[in-house]
$ cat structure10.txt   # compact mmCIF, C-alpha atoms
# COMPACT_ATOMS: atom_id res chain seq x y z
CA MET A 1 122.65 93.85 113.54
CA LYS A 2 124.07 91.30 115.96
CA ASN A 3 125.75 92.44 119.13
CA ARG A 4 127.58 90.99 122.13
CA LEU A 5 126.27 93.51 124.60
CA ARG A 6 124.59 91.06 126.96
CA VAL A 7 127.70 88.87 127.16
CA LEU A 8 130.06 91.77 127.74
CA ARG A 9 127.74 93.27 130.34
CA ALA A 10 127.54 89.95 132.16
CA GLU A 11 131.34 89.71 132.17
CA GLN A 12 131.50 93.08 133.92
CA ASN A 13 128.62 92.08 136.21
CA TRP A 14 126.76 95.26 135.30
CA SER A 15 123.00 95.60 135.25
CA GLN A 16 121.27 97.14 132.24
CA ALA A 17 120.58 100.23 134.32
CA GLU A 18 124.24 100.53 135.31
CA LEU A 19 125.45 100.24 131.74
CA GLY A 20 122.78 102.71 130.68
CA MET A 21 124.01 105.20 133.27
CA ARG A 22 127.60 104.79 132.08
CA VAL A 23 126.73 105.58 128.48
CA GLY A 24 123.95 108.08 129.20
CA VAL A 25 120.83 106.22 128.10
CA THR A 26 117.92 104.53 129.85
CA ARG A 27 117.80 100.90 130.94
CA GLN A 28 115.09 100.40 128.32
CA ALA A 29 117.50 101.54 125.61
CA ILE A 30 120.07 98.95 126.65
CA ASN A 31 117.36 96.30 126.76
CA ALA A 32 116.15 97.25 123.28
CA ILE A 33 119.71 96.99 121.92
CA GLU A 34 120.32 93.64 123.59
CA THR A 35 117.06 92.21 122.27
CA ARG A 36 117.94 93.62 118.82
CA ARG A 37 114.83 95.75 118.54
CA TYR A 38 116.96 98.88 118.28
CA ASP A 39 120.29 99.54 116.57
CA PRO A 40 122.18 102.36 118.28
CA GLY A 41 123.52 105.37 116.41
CA LEU A 42 127.25 105.80 115.91
CA PRO A 43 127.86 108.07 118.96
CA LEU A 44 126.09 105.64 121.30
CA ALA A 45 127.83 102.63 119.75
CA MET A 46 131.17 104.37 120.30
CA LYS A 47 130.31 105.21 123.90
CA ILE A 48 129.39 101.57 124.51
CA ALA A 49 132.64 100.43 122.93
CA ARG A 50 134.56 102.89 125.09
CA VAL A 51 133.10 101.68 128.40
CA PHE A 52 133.99 98.09 127.47
CA GLU A 53 137.39 99.23 126.17
CA LYS A 54 136.75 97.56 122.84
CA LYS A 55 136.29 98.57 119.22
CA VAL A 56 132.78 99.03 117.85
CA ASP A 57 133.38 96.10 115.50
CA ASP A 58 134.13 93.86 118.48
CA ILE A 59 130.65 94.49 119.87
CA PHE A 60 128.41 95.10 116.86
CA GLU A 61 128.36 92.97 113.72
CA LEU A 62 126.52 93.61 110.48
CA GLU A 63 124.42 90.81 109.08
CA ASP A 64 123.64 90.13 105.42
CA LYS A 65 120.08 91.45 105.82
CA ASP A 66 121.30 94.81 107.25
CA MET B 67 128.30 128.45 149.40
CA SER B 68 131.43 126.81 148.06
CA SER B 69 131.04 123.66 146.04
CA ILE B 70 134.56 122.46 146.95
CA GLY B 71 134.40 119.02 148.51
CA VAL B 72 130.90 118.27 147.22
CA ILE B 73 130.90 115.07 145.21
CA ARG B 74 128.18 114.79 142.62
CA MET B 75 127.01 111.28 141.94
CA PRO B 76 125.52 110.21 138.55
CA GLN B 77 122.13 109.73 140.21
CA ASP B 78 122.23 113.39 141.33
CA ASP B 79 122.65 114.49 137.72
CA LYS B 80 119.87 112.14 136.67
CA ARG B 81 117.57 113.54 139.37
CA ASP B 82 118.40 117.13 138.42
CA SER B 83 117.77 116.33 134.77
CA GLY B 84 114.43 114.73 135.67
CA LEU B 85 113.42 117.77 137.71
CA ARG B 86 114.42 120.09 134.87
CA ILE B 87 112.32 118.07 132.44
CA LEU B 88 109.32 118.11 134.80
CA ALA B 89 109.65 121.87 135.39
CA LEU B 90 109.89 122.51 131.65
CA MET B 91 106.90 120.29 130.90
CA PHE B 92 104.60 121.78 133.55
CA GLY B 93 105.81 125.33 132.86
CA ALA B 94 105.03 125.01 129.16
CA LEU B 95 101.67 123.38 129.85
CA ALA B 96 100.81 126.20 132.26
CA VAL B 97 101.74 128.86 129.68
CA TRP B 98 99.62 127.12 127.07
CA ALA B 99 96.61 126.66 129.39
CA ILE B 100 96.74 130.24 130.71
CA SER B 101 97.15 131.80 127.26
CA TYR B 102 94.30 129.66 125.92
CA ALA B 103 92.07 130.65 128.84
CA ILE B 104 92.89 134.33 128.32
CA ALA B 105 92.26 134.07 124.57
CA SER B 106 88.96 132.24 125.10
CA GLY B 107 87.90 134.81 127.69
CA MET B 108 88.67 137.71 125.37
CA LEU B 109 86.77 136.11 122.49
CA HIS B 110 83.82 135.50 124.81
CA HIS B 111 83.72 138.96 126.41
CA TYR B 112 84.64 141.14 123.42
CA PRO B 113 83.09 139.49 120.35
CA ALA B 114 82.45 142.86 118.69
CA SER B 115 85.98 144.24 118.91
CA ALA B 116 88.25 143.23 116.05
CA ARG B 117 91.26 144.51 117.98
CA TYR B 118 90.51 142.28 120.98
CA ARG B 119 89.78 139.29 118.78
CA ALA B 120 93.07 139.74 116.96
CA ALA B 121 94.87 140.08 120.30
CA ALA B 122 93.16 136.89 121.52
CA VAL B 123 94.41 134.99 118.48
CA VAL B 124 97.96 136.30 118.95
CA ILE B 125 98.00 135.43 122.67
CA GLY B 126 96.62 131.95 122.03
CA VAL B 127 99.08 131.24 119.24
CA ILE B 128 102.06 132.50 121.27
CA GLY B 129 101.10 130.20 124.15
CA PHE B 130 100.84 127.28 121.78
CA VAL B 131 104.18 128.02 120.12
CA VAL B 132 105.81 128.17 123.57
CA TRP B 133 104.38 124.74 124.32
CA GLN B 134 105.61 123.39 120.97
CA LEU B 135 109.13 124.74 121.51
CA ALA B 136 109.21 123.37 125.05
CA THR B 137 108.06 119.96 123.80
CA ALA B 138 110.80 119.94 121.16
CA LYS B 139 113.36 120.95 123.79
CA LEU B 140 112.02 118.28 126.13
CA ILE B 141 112.38 115.56 123.51
CA GLY B 142 115.89 116.79 122.73
CA LEU B 143 116.92 116.31 126.36
CA HIS B 144 116.28 112.58 126.14
CA ASP B 145 118.68 109.93 124.86
CA GLU B 146 118.65 108.83 121.22
CA PHE B 147 116.48 105.79 121.92
CA THR B 148 113.71 107.85 123.55
CA ARG B 149 113.96 110.40 120.73
CA ARG B 150 113.43 107.54 118.27
CA ILE B 151 110.26 106.54 120.12
CA HIS B 152 108.98 110.13 119.90
CA LEU B 153 109.81 110.27 116.20
CA ILE B 154 107.82 107.11 115.54
CA ALA B 155 104.91 108.43 117.61
CA PHE B 156 104.90 111.69 115.64
CA ALA B 157 104.98 109.81 112.35
CA ILE B 158 102.03 107.62 113.39
CA ALA B 159 100.07 110.63 114.69
CA PHE B 160 100.70 112.47 111.42
CA ALA B 161 99.51 109.48 109.39
CA VAL B 162 96.40 108.92 111.53
CA THR B 163 95.45 112.62 111.47
CA GLY B 164 95.99 112.79 107.71
CA LEU B 165 93.81 109.72 107.23
CA PHE B 166 91.11 111.20 109.49
CA ILE B 167 91.07 114.52 107.59
CA PHE B 168 91.04 112.82 104.20
CA THR B 169 88.27 110.42 105.20
CA THR B 170 86.04 113.04 106.84
CA ASP B 171 86.51 115.33 103.85
CA LEU B 172 85.24 112.60 101.53
CA LEU B 173 82.43 111.69 103.93
CA GLN B 174 81.34 115.34 104.06
CA ARG B 175 81.39 115.69 100.30
CA ALA B 176 79.45 112.45 99.99
CA GLY B 177 76.85 113.82 102.40
CA PHE B 178 77.31 111.17 105.08
CA VAL B 179 78.52 113.51 107.85
CA ASP B 180 77.94 117.15 108.72
CA TYR B 181 80.50 119.84 109.40
CA ILE B 182 83.43 118.69 111.56
CA ARG B 183 84.96 121.21 113.93
CA LEU B 184 88.68 121.89 113.71
CA ARG B 185 88.96 121.13 117.41
CA THR B 186 87.78 117.59 116.71
CA ILE B 187 90.74 117.11 114.36
CA TRP B 188 93.00 118.56 117.02
CA VAL B 189 91.72 116.08 119.63
CA VAL B 190 92.12 113.19 117.17
CA MET B 191 95.74 114.21 116.56
CA LEU B 192 96.54 114.48 120.28
CA CYS B 193 94.91 111.11 121.04
CA ALA B 194 96.74 109.48 118.11
CA TRP B 195 100.05 110.95 119.33
CA TRP B 196 99.44 109.74 122.88
CA LEU B 197 98.38 106.24 121.82
CA ALA B 198 101.27 105.98 119.35
CA LEU B 199 103.69 106.97 122.10
CA ILE B 200 102.34 104.25 124.38
CA GLY B 201 102.38 101.73 121.53
CA ALA B 202 105.96 102.53 120.51
CA GLN B 203 107.13 102.33 124.12
CA TRP B 204 105.37 99.03 124.54
CA TYR B 205 106.97 97.62 121.38
CA TYR B 206 110.53 98.64 122.24
CA ARG B 207 110.44 98.16 126.00
CA ARG B 208 108.58 94.87 126.41
$ encode --input "structure10.txt" --output "structure tokens"
Amino acid sequence: MKNRLRVLRAEQNWSQAELGMRVGVTRQAINAIETRRYDPGLPLAMKIARVFEKKVDDIFELEDKD
Amino acid sequence: MSSIGVIRMPQDDKRDSGLRILALMFGALAVWAISYAIASGMLHHYPASARYRAAAVVIGVIGFVVWQLATAKLIGLHDEFTRRIHLIAFAIAFAVTGLFIFTTDLLQRAGFVDYIRLRTIWVVMLCAWWLALIGAQWYYRR
């Protein structure tokens, strides 16, 4: 699953640790999502969308292989 | 003391959560170690008494169950990503232990190895769990 997390985070000038703290996960979790090694569950995806004031679809995008 | 006027920062909650996790982990390990020591001592000192031996088994098992419950609680306190890592580590440890038991069973029946103690299987499972945890963390966090 593709995501725009790194771009959105850069726009807010947040570190991975800061974003992690805002959504209640570790810095490593944010890093794993950004590097596409880990797809977040729905609650975490919704928390991420909420802190960026966007819809989940605006941040995460399904690919054909998913 | 009143808590009015005290501002709690996110890092305070994180620190408190970390301390709670540490306390839970060491508390459960202590219960396990103490109960195991007591059970071993009873088995050593009262080998002829069925009542004491039964009590030793019950004490040892209770200590172990406490540790298991605490470990489950501990994993549940983490975020979903860390829980995923634990899940993968458990799955790998289960597979490795199953493979070890299956293989040693066949080796025993084939006459290549002698009797294998249950504690050996236990150590293999713990080592597999620990290594799988490190491996999964390395994969996701590199």
$ closest_atom_pairs --input "structure10.txt" --of "chain A" --to "chain B" --cutoff "6 Å" --atoms "only C-alpha atoms" --output "JSON lines"
{"residue": "A:Val25", "atom": "CA", "partner": "B:Asp145", "partner_atom": "CA", "distance": 5.4}
{"residue": "A:Gln28", "atom": "CA", "partner": "B:Arg207", "partner_atom": "CA", "distance": 5.7}
{"residue": "A:Ala29", "atom": "CA", "partner": "B:Phe147", "partner_atom": "CA", "distance": 5.7}
{"residue": "A:Ala32", "atom": "CA", "partner": "B:Tyr206", "partner_atom": "CA", "distance": 5.9}
$ write_last_selection --input "structure10.txt" --atoms "C-alpha atoms" --output "PDB file, keeping the file's coordinate frame"
ATOM      1  CA  VAL A  25     120.830 106.220 128.100  1.00  0.00           C
ATOM      2  CA  GLN A  28     115.090 100.400 128.320  1.00  0.00           C
ATOM      3  CA  ALA A  29     117.500 101.540 125.610  1.00  0.00           C
ATOM      4  CA  ALA A  32     116.150  97.250 123.280  1.00  0.00           C
TER       5      ALA A  32
END
$ residues_around --input "structure10.txt" --residues "Ile128 of chain B" --least-positions-apart "2" --cutoff "12 Å" --atoms "all atoms listed in the file" --output "MDAnalysis selection string"
chainID B and resid 94 97:102 104:105 121:126 130:135
$ write_last_selection --input "structure10.txt" --atoms "C-alpha atoms" --output "JSON list (two decimals), in the frame of the given file"
[["chain", "number", "residue", "atom", "x", "y", "z"],
["B", 94, "ALA", "CA", 105.03, 125.01, 129.16],
["B", 97, "VAL", "CA", 101.74, 128.86, 129.68],
["B", 98, "TRP", "CA", 99.62, 127.12, 127.07],
["B", 99, "ALA", "CA", 96.61, 126.66, 129.39],
["B", 100, "ILE", "CA", 96.74, 130.24, 130.71],
["B", 101, "SER", "CA", 97.15, 131.80, 127.26],
["B", 102, "TYR", "CA", 94.30, 129.66, 125.92],
["B", 104, "ILE", "CA", 92.89, 134.33, 128.32],
["B", 105, "ALA", "CA", 92.26, 134.07, 124.57],
["B", 121, "ALA", "CA", 94.87, 140.08, 120.30],
["B", 122, "ALA", "CA", 93.16, 136.89, 121.52],
["B", 123, "VAL", "CA", 94.41, 134.99, 118.48],
["B", 124, "VAL", "CA", 97.96, 136.30, 118.95],
["B", 125, "ILE", "CA", 98.00, 135.43, 122.67],
["B", 126, "GLY", "CA", 96.62, 131.95, 122.03],
["B", 130, "PHE", "CA", 100.84, 127.28, 121.78],
["B", 131, "VAL", "CA", 104.18, 128.02, 120.12],
["B", 132, "VAL", "CA", 105.81, 128.17, 123.57],
["B", 133, "TRP", "CA", 104.38, 124.74, 124.32],
["B", 134, "GLN", "CA", 105.61, 123.39, 120.97],
["B", 135, "LEU", "CA", 109.13, 124.74, 121.51]]
$ atom_distance --input "structure10.txt" --atom1 "atom CA of Leu5 of chain A" --atom2 "atom CA of Leu143 of chain B"
24.7 Å
$ residues_around --input "structure10.txt" --residues "Phe60 of chain A" --least-positions-apart "3" --cutoff "7 Å" --atoms "all atoms listed in the file" --output "ChimeraX atom specification"
/A:1-4,56-57
$ residues_near_point --input "structure10.txt" --point "(128.0, 99.8, 129.3)" --cutoff "12 Å" --atoms "only C-alpha atoms" --output "number ranges by chain"
A: 4-27, 29-31, 33-34, 44-54, 59
$ atom_distance --input "structure10.txt" --atom1 "atom CA of Phe92 of chain B" --atom2 "atom CA of Ile158 of chain B"
24.8 Å
$ atom_distance --input "structure10.txt" --atom1 "atom CA of Leu165 of chain B" --atom2 "atom CA of Ile151 of chain B"
21.1 Å
$ axis_aligned_box --input "structure10.txt" --around "segment 9-28 of chain A" --padding-each-side "4 Å" --output "AutoDock Vina command-line options"
--center_x 123.3 --center_y 98.9 --center_z 132.2 --size_x 24.4 --size_y 26.4 --size_z 16.1
$ closest_residue --input "structure10.txt" --among "B:Leu140, B:Met191, B:Ile154, B:Ala116" --to "Ile167 of chain B" --atoms "only C-alpha atoms"
B:Met191
$ decode --input "structure10.txt" --residues "chain A" --atoms "C-alpha atoms" --output "mmCIF file, in the first residue's frame"
data_model
loop_
_atom_site.group_PDB
_atom_site.id
_atom_site.type_symbol
_atom_site.label_atom_id
_atom_site.label_comp_id
_atom_site.auth_asym_id
_atom_site.auth_seq_id
_atom_site.Cartn_x
_atom_site.Cartn_y
_atom_site.Cartn_z
ATOM 1 C CA MET A 1 0.000 0.000 0.000
ATOM 2 C CA LYS A 2 1.376 3.378 -1.014
ATOM 3 C CA ASN A 3 1.249 6.270 1.404
ATOM 4 C CA ARG A 4 2.112 9.965 1.562
ATOM 5 C CA LEU A 5 3.160 9.938 5.169
ATOM 6 C CA ARG A 6 6.711 11.163 4.669
ATOM 7 C CA VAL A 7 5.565 14.083 2.506
ATOM 8 C CA LEU A 8 2.806 15.132 4.877
ATOM 9 C CA ARG A 9 5.122 14.841 7.861
ATOM 10 C CA ALA A 10 7.730 16.980 6.126
ATOM 11 C CA GLU A 11 5.085 19.616 5.377
ATOM 12 C CA GLN A 12 4.304 19.825 9.094
ATOM 13 C CA ASN A 13 8.022 19.730 9.931
ATOM 14 C CA TRP A 14 7.447 16.866 12.346
ATOM 15 C CA SER A 15 9.993 14.203 13.147
ATOM 16 C CA GLN A 16 9.008 10.539 13.042
ATOM 17 C CA ALA A 17 9.146 10.478 16.837
ATOM 18 C CA GLU A 18 6.850 13.498 17.084
ATOM 19 C CA LEU A 19 4.290 12.018 14.730
ATOM 20 C CA GLY A 20 4.545 8.729 16.586
ATOM 21 C CA MET A 21 3.828 10.493 19.874
ATOM 22 C CA ARG A 22 0.799 12.242 18.366
ATOM 23 C CA VAL A 23 -0.769 8.990 17.202
ATOM 24 C CA GLY A 24 0.468 6.811 20.070
ATOM 25 C CA VAL A 25 3.034 4.578 18.384
ATOM 26 C CA THR A 26 6.814 4.328 18.363
ATOM 27 C CA ARG A 27 9.140 6.137 15.965
ATOM 28 C CA GLN A 28 9.996 2.724 14.531
ATOM 29 C CA ALA A 29 6.340 2.159 13.653
ATOM 30 C CA ILE A 30 6.201 5.412 11.691
ATOM 31 C CA ASN A 31 9.446 4.518 9.956
ATOM 32 C CA ALA A 32 8.114 1.065 9.032
ATOM 33 C CA ILE A 33 4.955 2.623 7.563
ATOM 34 C CA GLU A 34 6.907 5.225 5.603
ATOM 35 C CA THR A 35 9.265 2.604 4.181
ATOM 36 C CA ARG A 36 6.218 0.437 3.352
ATOM 37 C CA ARG A 37 7.354 -2.516 5.418
ATOM 38 C CA TYR A 38 4.231 -2.254 7.556
ATOM 39 C CA ASP A 39 0.636 -1.369 6.693
ATOM 40 C CA PRO A 40 -1.168 0.145 9.677
ATOM 41 C CA GLY A 41 -4.477 -1.170 10.963
ATOM 42 C CA LEU A 42 -7.642 0.861 10.500
ATOM 43 C CA PRO A 43 -7.583 2.587 13.938
ATOM 44 C CA LEU A 44 -3.987 3.742 13.455
ATOM 45 C CA ALA A 45 -4.649 4.824 9.868
ATOM 46 C CA MET A 46 -7.602 6.889 11.117
ATOM 47 C CA LYS A 47 -5.528 8.451 13.887
ATOM 48 C CA ILE A 48 -2.871 9.397 11.342
ATOM 49 C CA ALA A 49 -5.514 10.883 9.068
ATOM 50 C CA ARG A 50 -6.942 12.840 11.996
ATOM 51 C CA VAL A 51 -3.635 14.463 12.998
ATOM 52 C CA PHE A 52 -3.098 15.580 9.393
ATOM 53 C CA GLU A 53 -6.757 16.633 9.130
ATOM 54 C CA LYS A 54 -7.222 14.502 6.037
ATOM 55 C CA LYS A 55 -9.193 11.449 4.983
ATOM 56 C CA VAL A 56 -7.555 8.030 5.137
ATOM 57 C CA ASP A 57 -7.829 7.793 1.351
ATOM 58 C CA ASP A 58 -5.831 11.004 1.003
ATOM 59 C CA ILE A 59 -2.887 9.402 2.785
ATOM 60 C CA PHE A 60 -3.070 5.681 1.989
ATOM 61 C CA GLU A 61 -3.653 4.231 -1.466
ATOM 62 C CA LEU A 62 -4.262 0.626 -2.421
ATOM 63 C CA GLU A 63 -2.156 -0.831 -5.199
ATOM 64 C CA ASP A 64 -3.134 -3.588 -7.619
ATOM 65 C CA LYS A 65 -0.958 -6.129 -5.797
ATOM 66 C CA ASP A 66 -2.660 -5.428 -2.419
#
